[in-house]
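This is model06.txt. It holds compact mmCIF, C-alpha atoms.
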```
# COMPACT_ATOMS: atom_id res chain seq x y z
CA MET A 748 134.48 101.38 72.38
CA SER A 749 137.11 100.57 75.00
CA SER A 750 137.09 104.11 76.33
CA LEU A 751 133.32 104.03 76.63
CA ASN A 752 133.44 100.67 78.42
CA ASN A 753 135.97 102.07 80.86
CA SER A 754 133.81 105.14 81.44
CA ILE A 755 130.82 102.91 82.16
CA PHE A 756 132.52 100.62 84.64
CA THR A 757 134.81 103.16 86.31
CA THR A 758 132.80 105.35 88.60
CA PRO A 759 134.15 108.55 90.19
CA SER A 760 136.66 107.93 92.96
CA GLY A 761 135.12 106.46 96.09
CA ALA A 762 131.60 106.71 94.70
CA HIS A 763 130.49 103.27 95.84
CA ASN A 764 131.91 103.57 99.35
CA SER A 765 131.15 107.13 100.20
CA CYS A 766 128.58 108.02 102.83
CA SER A 767 126.76 110.26 100.39
CA SER A 768 126.29 107.41 97.92
CA LYS A 769 124.91 105.15 100.64
CA MET A 770 122.59 107.89 101.81
CA LEU A 771 121.32 108.37 98.26
CA ASP A 772 120.74 104.61 97.94
CA ASN A 773 118.79 104.52 101.19
CA GLU A 774 116.79 107.56 100.18
CA LEU A 775 116.07 105.96 96.81
CA LYS A 776 114.70 102.83 98.49
CA ARG A 777 112.57 104.83 100.90
CA ASN A 778 111.15 106.90 98.06
CA LEU A 779 110.33 103.79 96.08
CA GLU A 780 108.59 102.04 98.94
CA THR A 781 106.45 105.05 99.80
CA VAL A 782 105.71 106.38 96.32
CA TYR A 783 105.50 103.26 94.14
CA ASP A 784 104.93 100.60 96.80
CA VAL A 785 106.69 97.87 94.84
CA ASP A 786 109.18 95.25 95.91
CA LEU A 787 112.79 96.09 95.23
CA CYS A 788 114.68 93.57 93.21
CA SER A 789 118.16 93.11 91.84
CA SER A 790 117.31 90.78 88.99
CA GLN A 791 118.27 90.81 85.35
CA SER A 792 116.20 90.30 82.25
CA SER A 793 116.94 87.02 80.49
CA THR A 794 116.00 88.32 77.05
CA LYS A 795 119.07 89.12 75.00
CA PRO A 796 118.98 92.21 72.77
CA ARG A 797 118.26 91.54 69.12
CA GLN A 798 120.71 92.46 66.40
CA GLY A 799 119.75 95.68 64.68
CA ASP A 800 117.79 97.11 67.60
CA CYS A 801 120.41 99.82 68.04
CA GLU A 802 123.50 101.05 66.27
CA ASN A 803 125.94 99.85 68.92
CA ASN A 804 124.97 96.42 70.24
CA GLU A 805 128.21 96.13 72.21
CA VAL A 806 127.25 99.09 74.37
CA LEU A 807 123.79 97.62 74.81
CA ASP A 808 125.20 94.24 75.91
CA VAL A 809 127.42 95.91 78.49
CA TRP A 810 124.50 97.74 80.10
CA PHE A 811 122.12 94.82 79.72
CA HIS A 812 124.22 92.37 81.75
CA MET A 813 125.04 94.76 84.57
CA ASP A 814 123.37 94.28 87.94
CA ILE A 815 120.44 96.65 88.39
CA SER A 816 121.66 97.99 91.73
CA PHE A 817 125.05 98.77 90.22
CA ILE A 818 123.47 100.47 87.21
CA ILE A 819 121.53 102.81 89.51
CA VAL A 820 124.71 103.90 91.30
CA VAL A 821 126.58 104.37 88.02
CA LEU A 822 123.78 106.38 86.42
CA LYS A 823 123.42 108.65 89.46
CA ASP A 824 127.15 109.39 89.36
CA TYR A 825 127.23 110.11 85.65
CA LEU A 826 124.07 112.15 85.62
CA LEU A 827 126.05 114.65 87.72
CA LEU A 828 129.02 114.56 85.35
CA GLY A 829 127.03 114.78 82.11
CA ILE A 830 128.72 111.72 80.63
CA MET A 831 125.32 110.17 79.93
CA GLU A 832 125.12 112.48 76.91
CA LEU A 833 127.70 110.25 75.23
CA ILE A 834 125.18 107.42 75.15
CA GLY A 835 122.04 109.38 74.34
CA ASP A 836 118.54 109.37 75.77
CA ASP A 837 117.08 107.15 73.05
CA MET A 838 119.51 104.33 73.77
CA ILE A 839 119.16 104.71 77.55
CA PHE A 840 115.36 104.62 77.63
CA GLU A 841 114.26 102.79 74.50
CA GLU A 842 117.07 100.24 74.12
CA ILE A 843 118.37 99.62 77.65
CA LEU A 844 115.80 100.42 80.32
CA SER A 845 112.91 99.11 78.22
CA ARG A 846 114.44 95.62 78.50
CA LEU A 847 114.50 95.56 82.27
CA PRO A 848 111.84 93.94 84.48
CA ALA A 849 108.88 96.10 85.45
CA LYS A 850 109.90 96.40 89.09
CA ALA A 851 113.38 97.55 88.05
CA VAL A 852 111.85 100.24 85.82
CA CYS A 853 109.82 101.49 88.79
CA ARG A 854 113.06 101.67 90.75
CA PHE A 855 114.71 103.78 88.07
CA LYS A 856 111.85 106.27 88.25
CA CYS A 857 113.37 107.48 91.52
CA VAL A 858 116.68 108.49 89.90
CA SER A 859 115.31 111.94 89.02
CA LYS A 860 112.10 113.75 88.12
CA GLN A 861 113.13 113.74 84.47
CA TRP A 862 113.62 109.98 84.52
CA CYS A 863 110.29 109.49 86.26
CA TYR A 864 108.67 111.42 83.44
CA GLU A 865 110.54 109.62 80.64
CA LEU A 866 109.77 106.16 82.09
CA SER A 867 106.07 107.01 82.35
CA THR A 868 105.47 108.28 78.81
CA PRO A 869 103.03 106.30 76.64
CA LYS A 870 105.85 105.62 74.18
CA PHE A 871 108.12 104.03 76.77
CA VAL A 872 105.26 102.04 78.34
CA PHE A 873 104.34 100.72 74.88
CA ILE A 874 107.94 99.69 74.07
CA HIS A 875 108.47 98.08 77.46
CA THR A 876 105.15 96.19 77.30
CA ARG A 877 105.95 94.92 73.82
CA ARG A 878 109.35 93.63 74.93
CA VAL A 879 108.23 91.87 78.11
CA GLY A 880 105.21 90.47 76.25
CA ASN A 881 107.57 88.49 74.04
CA SER A 882 109.41 87.03 77.03
CA ILE A 883 109.16 83.37 78.00
CA GLN A 884 108.74 84.49 81.61
CA LYS A 885 105.18 84.96 82.82
CA LYS A 886 103.21 84.84 86.03
CA LEU A 887 100.20 82.78 87.06
CA LEU A 888 97.81 84.46 89.49
CA SER A 889 95.51 82.04 91.33
CA LEU A 890 92.59 82.77 93.62
CA LYS A 891 92.93 80.07 96.22
CA GLU A 892 90.58 79.23 99.05
CA SER A 893 91.93 81.84 101.47
CA SER A 894 94.73 83.66 99.62
CA ILE A 895 95.91 85.04 96.29
CA VAL A 896 99.06 83.37 94.99
CA VAL A 897 101.43 84.28 92.14
CA ASP A 898 103.71 81.62 90.61
CA ASP A 899 106.52 81.95 88.08
CA ILE A 900 105.88 80.41 84.65
CA VAL A 901 108.95 79.95 82.41
CA SER A 902 108.42 78.48 78.94
CA GLY A 903 105.03 77.24 80.08
CA ASN A 904 106.53 75.40 83.05
CA LEU A 905 105.31 76.07 86.57
CA GLU A 906 108.46 76.83 88.55
CA VAL A 907 108.61 74.91 91.82
CA ASP A 908 108.85 76.83 95.09
CA THR A 909 108.19 80.26 93.53
CA SER A 910 104.74 80.83 95.03
CA LYS A 911 104.28 84.24 96.55
CA THR A 912 101.21 85.52 98.32
CA VAL A 913 99.95 88.93 97.20
CA ASN A 914 97.35 91.24 98.68
CA PHE A 915 94.30 92.44 96.82
CA PRO A 916 93.75 96.22 97.04
CA TYR A 917 90.50 95.78 98.95
CA ASP A 918 89.88 93.82 102.12
CA VAL A 919 87.83 91.11 100.42
CA HIS A 920 87.98 87.36 100.91
CA PRO A 921 89.22 85.59 97.73
CA SER A 922 86.00 83.58 97.54
CA PHE A 923 84.21 86.84 96.67
CA LEU A 924 86.56 87.57 93.74
CA SER A 925 86.24 86.48 90.14
CA ILE A 926 88.76 87.10 87.35
CA ILE A 927 87.23 88.32 84.10
CA CYS A 928 90.38 88.69 81.98
CA SER A 929 94.00 89.82 81.85
CA PHE A 930 95.71 92.04 79.29
CA ASN A 931 99.15 93.71 79.14
CA GLY A 932 99.85 93.04 82.81
CA LEU A 933 96.45 94.31 84.00
CA ILE A 934 93.86 92.00 85.55
CA LEU A 935 90.16 92.76 85.53
CA VAL A 936 88.61 91.50 88.76
CA CYS A 937 85.00 91.53 89.91
CA ILE A 938 84.17 91.84 93.60
CA LYS A 939 80.95 89.89 94.06
CA ARG A 940 79.05 91.77 96.71
CA ASN A 941 76.13 94.16 96.88
CA PRO A 942 76.72 96.23 94.87
CA ASN A 943 79.22 94.43 92.63
CA GLU A 944 82.44 96.27 91.85
CA LEU A 945 84.83 96.02 88.94
CA VAL A 946 88.53 96.65 89.63
CA LEU A 947 91.34 97.22 87.12
CA TRP A 948 94.46 95.96 88.90
CA ASN A 949 98.18 95.78 88.13
CA PRO A 950 99.51 93.23 90.67
CA THR A 951 103.12 94.13 89.79
CA THR A 952 102.97 97.84 90.63
CA ARG A 953 100.00 97.33 92.99
CA ARG A 954 98.14 100.19 91.36
CA PHE A 955 94.39 99.76 90.92
CA LYS A 956 91.28 101.62 89.86
CA LEU A 957 87.61 101.06 90.58
CA ILE A 958 85.82 101.40 87.24
CA SER A 959 82.32 100.11 88.03
CA ASP A 960 79.32 102.44 88.03
CA ASP A 961 75.71 102.13 89.21
CA TYR A 962 75.01 99.54 86.52
CA PHE A 963 76.98 96.94 88.49
CA ILE A 964 74.41 96.83 91.27
CA ARG A 965 73.08 93.82 89.41
CA TYR A 966 74.20 90.37 90.51
CA PHE A 967 77.44 89.16 88.97
CA GLY A 968 77.44 85.48 87.94
CA ARG A 969 80.56 83.66 86.77
CA HIS A 970 78.81 82.11 83.77
CA TYR A 971 76.66 85.09 82.87
CA ASP A 972 79.06 88.04 83.03
CA THR A 973 82.25 88.19 81.04
CA GLY A 974 84.47 90.62 79.15
CA GLY A 975 87.88 91.49 77.78
CA MET A 976 90.41 94.29 77.39
CA TYR A 977 92.13 95.84 74.40
CA LEU A 978 93.84 98.95 73.02
CA ASP A 979 91.98 100.89 70.35
CA GLU A 980 93.57 102.66 67.39
CA ASP A 981 94.23 105.73 69.56
CA ASN A 982 96.05 103.64 72.18
CA ASP A 983 93.19 104.05 74.64
CA LEU A 984 92.72 101.07 76.93
CA LYS A 985 89.17 99.75 76.65
CA VAL A 986 87.31 97.32 78.91
CA LEU A 987 84.48 95.29 77.38
CA HIS A 988 81.85 94.00 79.80
CA ILE A 989 78.99 91.68 78.83
CA ASN A 990 76.12 91.09 81.23
CA CYS A 991 73.30 88.56 80.86
CA TYR A 992 70.30 89.48 82.96
CA TRP A 993 66.60 88.73 82.58
CA ASP A 994 67.18 87.15 79.13
CA VAL A 995 68.86 90.32 77.84
CA VAL A 996 72.52 90.62 76.80
CA THR A 997 73.94 94.06 77.60
CA ALA A 998 77.37 94.93 76.19
CA ARG A 999 79.19 98.02 77.42
CA VAL A 1000 82.69 99.38 76.90
CA TYR A 1001 84.78 101.46 79.30
CA SER A 1002 87.37 104.02 78.20
CA ARG A 1003 90.38 104.51 80.47
CA ARG A 1004 91.11 107.86 78.85
CA HIS A 1005 87.62 109.27 79.39
CA ASP A 1006 86.82 107.26 82.54
CA SER A 1007 83.33 106.52 81.27
CA TRP A 1008 81.10 103.70 80.01
CA ARG A 1009 78.89 103.52 76.92
CA LYS A 1010 76.52 100.90 75.57
CA LEU A 1011 77.16 98.79 72.46
CA ASN A 1012 74.78 97.06 70.06
CA PHE A 1013 74.70 93.29 70.51
CA LEU A 1014 73.59 90.52 68.15
CA ASN A 1015 69.87 90.38 67.41
CA GLY A 1016 67.87 87.19 67.45
CA THR A 1017 70.03 85.18 69.85
CA GLN A 1018 69.07 83.55 73.12
CA PHE A 1019 72.51 83.84 74.69
CA ALA A 1020 71.17 85.64 77.76
CA SER A 1021 69.10 82.58 78.70
CA ASN A 1022 69.99 80.58 81.80
CA PHE A 1023 70.61 77.65 79.46
CA TYR A 1024 73.78 79.31 78.11
CA SER A 1025 77.20 79.71 79.70
CA TRP A 1026 79.80 82.30 78.59
CA SER A 1027 83.56 81.80 78.66
CA SER A 1028 86.11 84.46 79.52
CA GLY A 1029 87.16 86.67 76.61
CA THR A 1030 90.37 85.78 74.74
CA TYR A 1031 92.14 88.51 72.74
CA SER A 1032 93.84 87.61 69.46
CA GLY A 1033 94.39 89.57 66.25
CA LYS A 1034 92.25 92.63 67.05
CA THR A 1035 89.37 90.39 68.11
CA ILE A 1036 88.03 89.15 71.44
CA TYR A 1037 86.55 85.66 71.28
CA PHE A 1038 83.94 84.06 73.55
CA ILE A 1039 82.53 80.54 73.64
CA VAL A 1040 78.82 80.48 74.46
CA SER A 1041 77.67 76.96 75.32
CA SER A 1042 74.39 75.26 76.08
CA TYR A 1043 74.33 71.71 77.37
CA TRP A 1044 70.54 71.56 77.62
CA ILE A 1045 68.60 72.80 74.59
CA PRO A 1046 69.69 71.70 72.00
CA PRO A 1047 72.19 69.19 73.49
CA GLY A 1048 75.77 70.28 73.24
CA GLU A 1049 75.24 73.52 71.34
CA ARG A 1050 78.37 75.68 71.16
CA ASN A 1051 78.75 79.11 69.58
CA ILE A 1052 81.65 81.49 69.05
CA VAL A 1053 80.95 85.18 69.55
CA ALA A 1054 83.63 87.48 68.10
CA TYR A 1055 84.05 91.13 69.06
CA ASP A 1056 85.98 93.29 66.57
CA VAL A 1057 87.90 95.88 68.60
CA ILE A 1058 88.27 98.23 65.60
CA SER A 1059 84.61 98.45 64.58
CA GLU A 1060 83.39 97.60 68.12
CA SER A 1061 80.86 95.20 66.65
CA PHE A 1062 79.87 91.59 67.33
CA SER A 1063 79.61 88.64 64.95
CA LEU A 1064 78.84 84.94 65.21
CA LEU A 1065 81.36 82.35 64.03
CA ARG A 1066 80.53 78.75 63.18
CA PHE A 1067 82.04 76.20 65.51
CA PRO A 1068 84.06 73.65 63.47
CA GLU A 1069 81.84 70.69 62.64
CA ARG A 1070 84.68 68.18 62.55
CA ILE A 1071 85.29 68.62 66.26
CA GLU A 1072 81.62 68.70 67.22
CA VAL A 1073 81.42 65.78 69.63
CA ASN A 1074 79.28 65.25 72.69
CA PRO A 1075 79.85 65.52 75.49
CA CYS A 1076 82.83 67.86 75.24
CA GLN A 1077 84.17 71.03 76.79
CA VAL A 1078 86.08 73.73 74.94
CA HIS A 1079 88.29 76.55 76.10
CA PHE A 1080 90.16 79.33 74.27
CA LEU A 1081 93.79 80.29 74.79
CA THR A 1082 96.53 81.87 72.68
CA ILE A 1083 99.84 80.28 71.71
CA SER A 1084 102.45 82.44 69.96
CA ASN A 1085 99.72 85.10 69.68
CA LYS A 1086 97.49 82.74 67.68
CA LEU A 1087 94.00 81.72 68.78
CA HIS A 1088 93.71 78.07 69.86
CA VAL A 1089 90.95 76.00 71.39
CA ILE A 1090 91.25 72.98 73.67
CA VAL A 1091 88.57 70.37 73.07
CA VAL A 1092 88.22 67.71 75.75
CA HIS A 1093 85.79 64.93 74.91
CA TYR A 1094 84.90 61.29 75.43
CA ALA A 1095 85.24 58.83 72.57
CA GLY A 1096 85.52 55.56 74.43
CA GLU A 1097 88.34 57.23 76.33
CA LEU A 1098 89.15 60.74 77.43
CA ILE A 1099 90.80 62.67 74.57
CA ALA A 1100 92.10 66.24 74.41
CA ASP A 1101 92.59 68.00 71.07
CA LEU A 1102 94.44 71.26 70.48
CA VAL A 1103 93.05 73.14 67.48
CA LYS A 1104 94.37 76.38 65.92
CA TYR A 1105 92.29 79.07 64.22
CA GLU A 1106 94.17 80.48 61.23
CA HIS A 1107 93.08 82.00 57.89
CA ASP A 1108 89.40 81.52 58.78
CA ASP A 1109 89.92 77.79 59.23
CA TRP A 1110 90.37 75.38 62.15
CA ILE A 1111 93.45 73.15 62.07
CA LYS A 1112 94.05 70.31 64.52
CA VAL A 1113 97.58 70.67 65.90
CA PHE A 1114 97.79 67.82 68.42
CA SER A 1115 95.55 65.06 69.71
CA PHE A 1116 96.33 63.76 73.18
CA ASN A 1117 95.17 60.24 73.92
CA LYS A 1118 95.29 58.70 77.38
CA ALA A 1119 94.27 61.95 79.02
CA ARG A 1120 93.24 61.54 82.63
CA ILE A 1121 91.39 63.50 85.28
CA VAL A 1122 93.53 64.62 88.21
CA GLN A 1123 91.50 64.66 91.38
CA HIS A 1124 93.96 66.10 93.88
CA LEU A 1125 94.36 69.52 92.24
CA GLU A 1126 92.17 72.46 93.05
CA PRO A 1127 89.74 72.95 90.15
CA GLN A 1128 90.27 75.81 87.68
CA GLN A 1129 93.26 77.26 89.50
CA ARG A 1130 96.42 75.89 87.90
CA THR A 1131 95.38 74.97 84.39
CA ASN A 1132 97.29 75.57 81.17
CA VAL A 1133 100.69 75.08 82.81
CA ILE A 1134 103.33 72.39 82.38
CA GLN A 1135 104.61 70.29 85.27
CA ASP A 1136 106.96 67.30 84.93
CA ASN A 1137 106.37 67.11 81.16
CA LYS A 1138 102.62 66.97 81.75
CA TRP A 1139 100.14 69.61 80.63
CA LEU A 1140 97.36 70.51 83.05
CA ILE A 1141 94.51 71.82 80.95
CA THR A 1142 90.91 72.93 81.17
CA SER A 1143 88.60 71.08 83.50
CA ILE A 1144 85.53 68.95 82.97
CA CYS A 1145 82.88 69.12 85.70
CA GLY A 1146 85.34 70.80 88.05
CA ASP A 1147 88.21 68.35 87.47
CA THR A 1148 91.61 69.13 85.95
CA VAL A 1149 92.68 67.09 82.91
CA GLU A 1150 96.31 65.98 82.56
CA VAL A 1151 97.96 64.94 79.30
CA LEU A 1152 101.47 63.64 78.58
CA LEU A 1153 103.64 65.73 76.26
CA CYS A 1154 106.04 64.51 73.60
CA ASN A 1155 108.97 66.65 72.47
CA ASP A 1156 107.02 68.28 69.63
CA SER A 1157 103.96 69.12 71.71
CA PHE A 1158 106.13 70.34 74.60
CA ASN A 1159 108.05 72.73 72.34
CA TYR A 1160 104.76 74.03 70.92
CA ILE A 1161 102.77 74.44 74.10
CA GLN A 1162 105.51 76.21 76.06
CA HIS A 1163 104.64 79.33 74.07
CA VAL A 1164 101.20 79.74 75.66
CA ASP A 1165 100.60 83.51 75.88
CA SER A 1166 97.34 83.87 77.73
CA TYR A 1167 94.85 81.93 79.75
CA ASN A 1168 91.88 83.38 81.60
CA GLY A 1169 89.66 81.56 84.04
CA PRO A 1170 87.38 82.68 86.89
CA LYS A 1171 90.00 81.62 89.46
CA GLY A 1172 93.26 82.05 87.58
CA ALA A 1173 95.01 83.99 84.82
CA LEU A 1174 98.39 84.18 83.13
CA PHE A 1175 99.96 87.63 82.96
CA PHE A 1176 103.34 89.27 82.47
CA GLU A 1177 104.77 92.01 84.66
CA THR A 1178 104.40 95.48 83.18
CA ILE A 1179 104.26 99.10 84.29
CA VAL A 1180 100.93 99.67 82.54
CA SER A 1181 98.79 101.90 84.71
CA PRO A 1182 95.06 101.50 85.37
CA PHE A 1183 94.96 105.29 85.00
CA ASP A 1184 95.48 107.14 81.73
```

Let me see the structure of the file written as structure tokens.
Amino acid sequence: MSSLNNSIFTTPSGAHNSCSSKMLDNELKRNLETVYDVDLCSSQSSTKPRQGDCENNEVLDVWFHMDISFIIVVLKDYLLLGIMELIGDDMIFEEILSRLPAKAVCRFKCVSKQWCYELSTPKFVFIHTRRVGNSIQKKLLSLKESSIVVDDIVSGNLEVDTSKTVNFPYDVHPSFLSIICSFNGLILVCIKRNPNELVLWNPTTRRFKLISDDYFIRYFGRHYDTGGMYLDEDNDLKVLHINCYWDVVTARVYSRRHDSWRKLNFLNGTQFASNFYSWSSGTYSGKTIYFIVSSYWIPPGERNIVAYDVISESFSLLRFPERIEVNPCQVHFLTISNKLHVIVVHYAGELIADLVKYEHDDWIKVFSFNKARIVQHLEPQQRTNVIQDNKWLITSICGDTVEVLLCNDSFNYIQHVDSYNGPKGALFFETIVSPFD
């Protein structure tokens, strides 16, 4: 082990200071900026390797804690000498590079054509996405009044002073954008103009794809169009889009692999396309995408759960739990530790927020937050489901954001929020998943 450690940290004589090495570094940066158009970074992943992931965890720890810029120089040197064969491709790609941040992986693609190929294979993308998906580090994308902002979220906490403005692929004012859902680092965005356009966007790599067809000439309404994303059994990324127009619900699914849309059968005998009903964003959990369809008019306070099975590509109707049927109330789906949860905010003499978990076909109340209050100074629907100063900012009622105080138990539980989708904001994690197949 000591000889291998020495070989890793001892580069060929003068490699770091030579003109050729500097020229290669500069060329690498230029290639990255022009080809991948991503920000360079010299960060490290904070996720430690798990025991048993590889045969030699000591070697993995050495590589894992090295600075990314230094790793690039070392790997370039040893690629020429052939010493990388001592470590093996499987360990390099599947156990070391798959643990690095997405932007660092993009940087490594410029080491060689072979590396660019290996780091773009479906197998590597799957492994990398799985690893970063389990990280406590996420991003919150918010559509603000005149800009698009990304904040760092660590263990559910909104990190102060991390806001960064990003550019949308098209020259469109943020007020004309609506977020439908996010999945595996991709965000599905609708451009509300004539005709409407649907864009599959990776804000980390800045790659995007326009997937709308002539069908989207119809008007897009925030409460009447919704959808979700998922991977089918063949690892094909699918986009589900549901449109409510002229009292008809039309469900269609897009295949990234085939770059085409097809129509699905929806539930018969429902009135969910009526103007009296409002659809939530889709929330993915356990091979199912869930929607809340609400009507606050006829009958008063009616709420329904529509479930879409991604394996059979069929819809079903779930009963909303009677024990939390109170009026007036507002409900919103999210996932915590990959489990489906629902936030129920209601009035019972005072404003109360309940967190309920769906497990084994039953609804279980996890926490009840008394003394909830409406926060007036925050922009509605833009920074919900994040923690600030031991307070949880959750779904809004009538355009207001609700704030609840967290105890130690609720704080430790809620910091594992995986996903949140709203028309003006979404949680996501940085991946190299491409909008293209």

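Taking CA of Ile958 (chain A) and CA of Val879 (chain A) as endpoints, the distance between them is 26.0 Å.
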
> Please, which residues are within 7 Å of (88.5, 78.9, 75.7) by the file's coordinates, counting all atoms listed in the file, and could they come as JSON, numbers by chain?
Replying inline: {"A": [1027, 1039, 1078, 1079, 1080, 1081, 1089, 1090]}

> If we count all atoms listed in the file, what is near region 1083-1087 of chain A at a cut-off of 12 Å, once residues fewer than 4 positions away on the same chain are taken out, given as a PyMOL selection string?
Replying inline: chain A and resi 880-883+902-903+1029-1038+1054+1079+1102-1111+1113+1132+1157+1159-1167

> In Å, how far is it from CA of Ser1028 (chain A) to CA of Val1040 (chain A)?
Replying inline: 9.7 Å

> Using all atoms listed in the file, which of the listed residues (A:Phe1116, A:Thr951, A:Gly974, A:Ile927) sits closest to Lys886 (chain A)?
Replying inline: A:Thr951

> When you draw a straight line from CA of Ala998 (chain A) to CA of Lys1010 (chain A), how long is it in Å?
Replying inline: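 Result for CA of Ala998 (chain A) versus CA of Lys1010 (chain A): 6.1 Å, one decimal.
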
Polymer residues at most 12 Å from Ser959 (chain A), only C-alpha atoms, same-chain spacing of 6 or more positions, as a PDB file with C-alpha atoms, keeping the file's coordinate frame:
```pdb
ATOM      1  CA  LEU A 935      90.160  92.760  85.530  1.00  0.00           C
ATOM      2  CA  VAL A 936      88.610  91.500  88.760  1.00  0.00           C
ATOM      3  CA  CYS A 937      85.000  91.530  89.910  1.00  0.00           C
ATOM      4  CA  ILE A 938      84.170  91.840  93.600  1.00  0.00           C
ATOM      5  CA  LYS A 939      80.950  89.890  94.060  1.00  0.00           C
ATOM      6  CA  PRO A 942      76.720  96.230  94.870  1.00  0.00           C
ATOM      7  CA  ASN A 943      79.220  94.430  92.630  1.00  0.00           C
ATOM      8  CA  GLU A 944      82.440  96.270  91.850  1.00  0.00           C
ATOM      9  CA  LEU A 945      84.830  96.020  88.940  1.00  0.00           C
ATOM     10  CA  VAL A 946      88.530  96.650  89.630  1.00  0.00           C
ATOM     11  CA  LEU A 947      91.340  97.220  87.120  1.00  0.00           C
ATOM     12  CA  ARG A 965      73.080  93.820  89.410  1.00  0.00           C
ATOM     13  CA  VAL A 986      87.310  97.320  78.910  1.00  0.00           C
ATOM     14  CA  LEU A 987      84.480  95.290  77.380  1.00  0.00           C
ATOM     15  CA  HIS A 988      81.850  94.000  79.800  1.00  0.00           C
ATOM     16  CA  ARG A 999      79.190  98.020  77.420  1.00  0.00           C
ATOM     17  CA  VAL A1000      82.690  99.380  76.900  1.00  0.00           C
ATOM     18  CA  TYR A1001      84.780 101.460  79.300  1.00  0.00           C
ATOM     19  CA  SER A1002      87.370 104.020  78.200  1.00  0.00           C
ATOM     20  CA  ARG A1003      90.380 104.510  80.470  1.00  0.00           C
ATOM     21  CA  ASP A1006      86.820 107.260  82.540  1.00  0.00           C
ATOM     22  CA  SER A1007      83.330 106.520  81.270  1.00  0.00           C
ATOM     23  CA  TRP A1008      81.100 103.700  80.010  1.00  0.00           C
TER      24      TRP A1008
END
```

>> Using all atoms listed in the file for the distances, tell me which of A:Asn1168, A:Ser893, A:Ser1025, A:Thr912 is nearest to Met976 (chain A).
In response: A:Asn1168

To box region 1147-1154 of chain A, take all atoms listed in the file, fit an axis-aligned box, add 4 Å on each side, and give centre and edge lengths in Å to one decimal, as lines of an AutoDock Vina configuration file.
```
center_x = 97.1
center_y = 66.4
center_z = 80.5
size_x = 25.8
size_y = 13.5
size_z = 21.9
```

> Looking at A:Asp836, A:Trp1139, A:Ser894, A:Ala849, which one is nearest to Gln861 (chain A), with distances taken over all atoms listed in the file?
Replying inline: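 Answer, going by the shortest atom-to-atom distance: A:Asp836.
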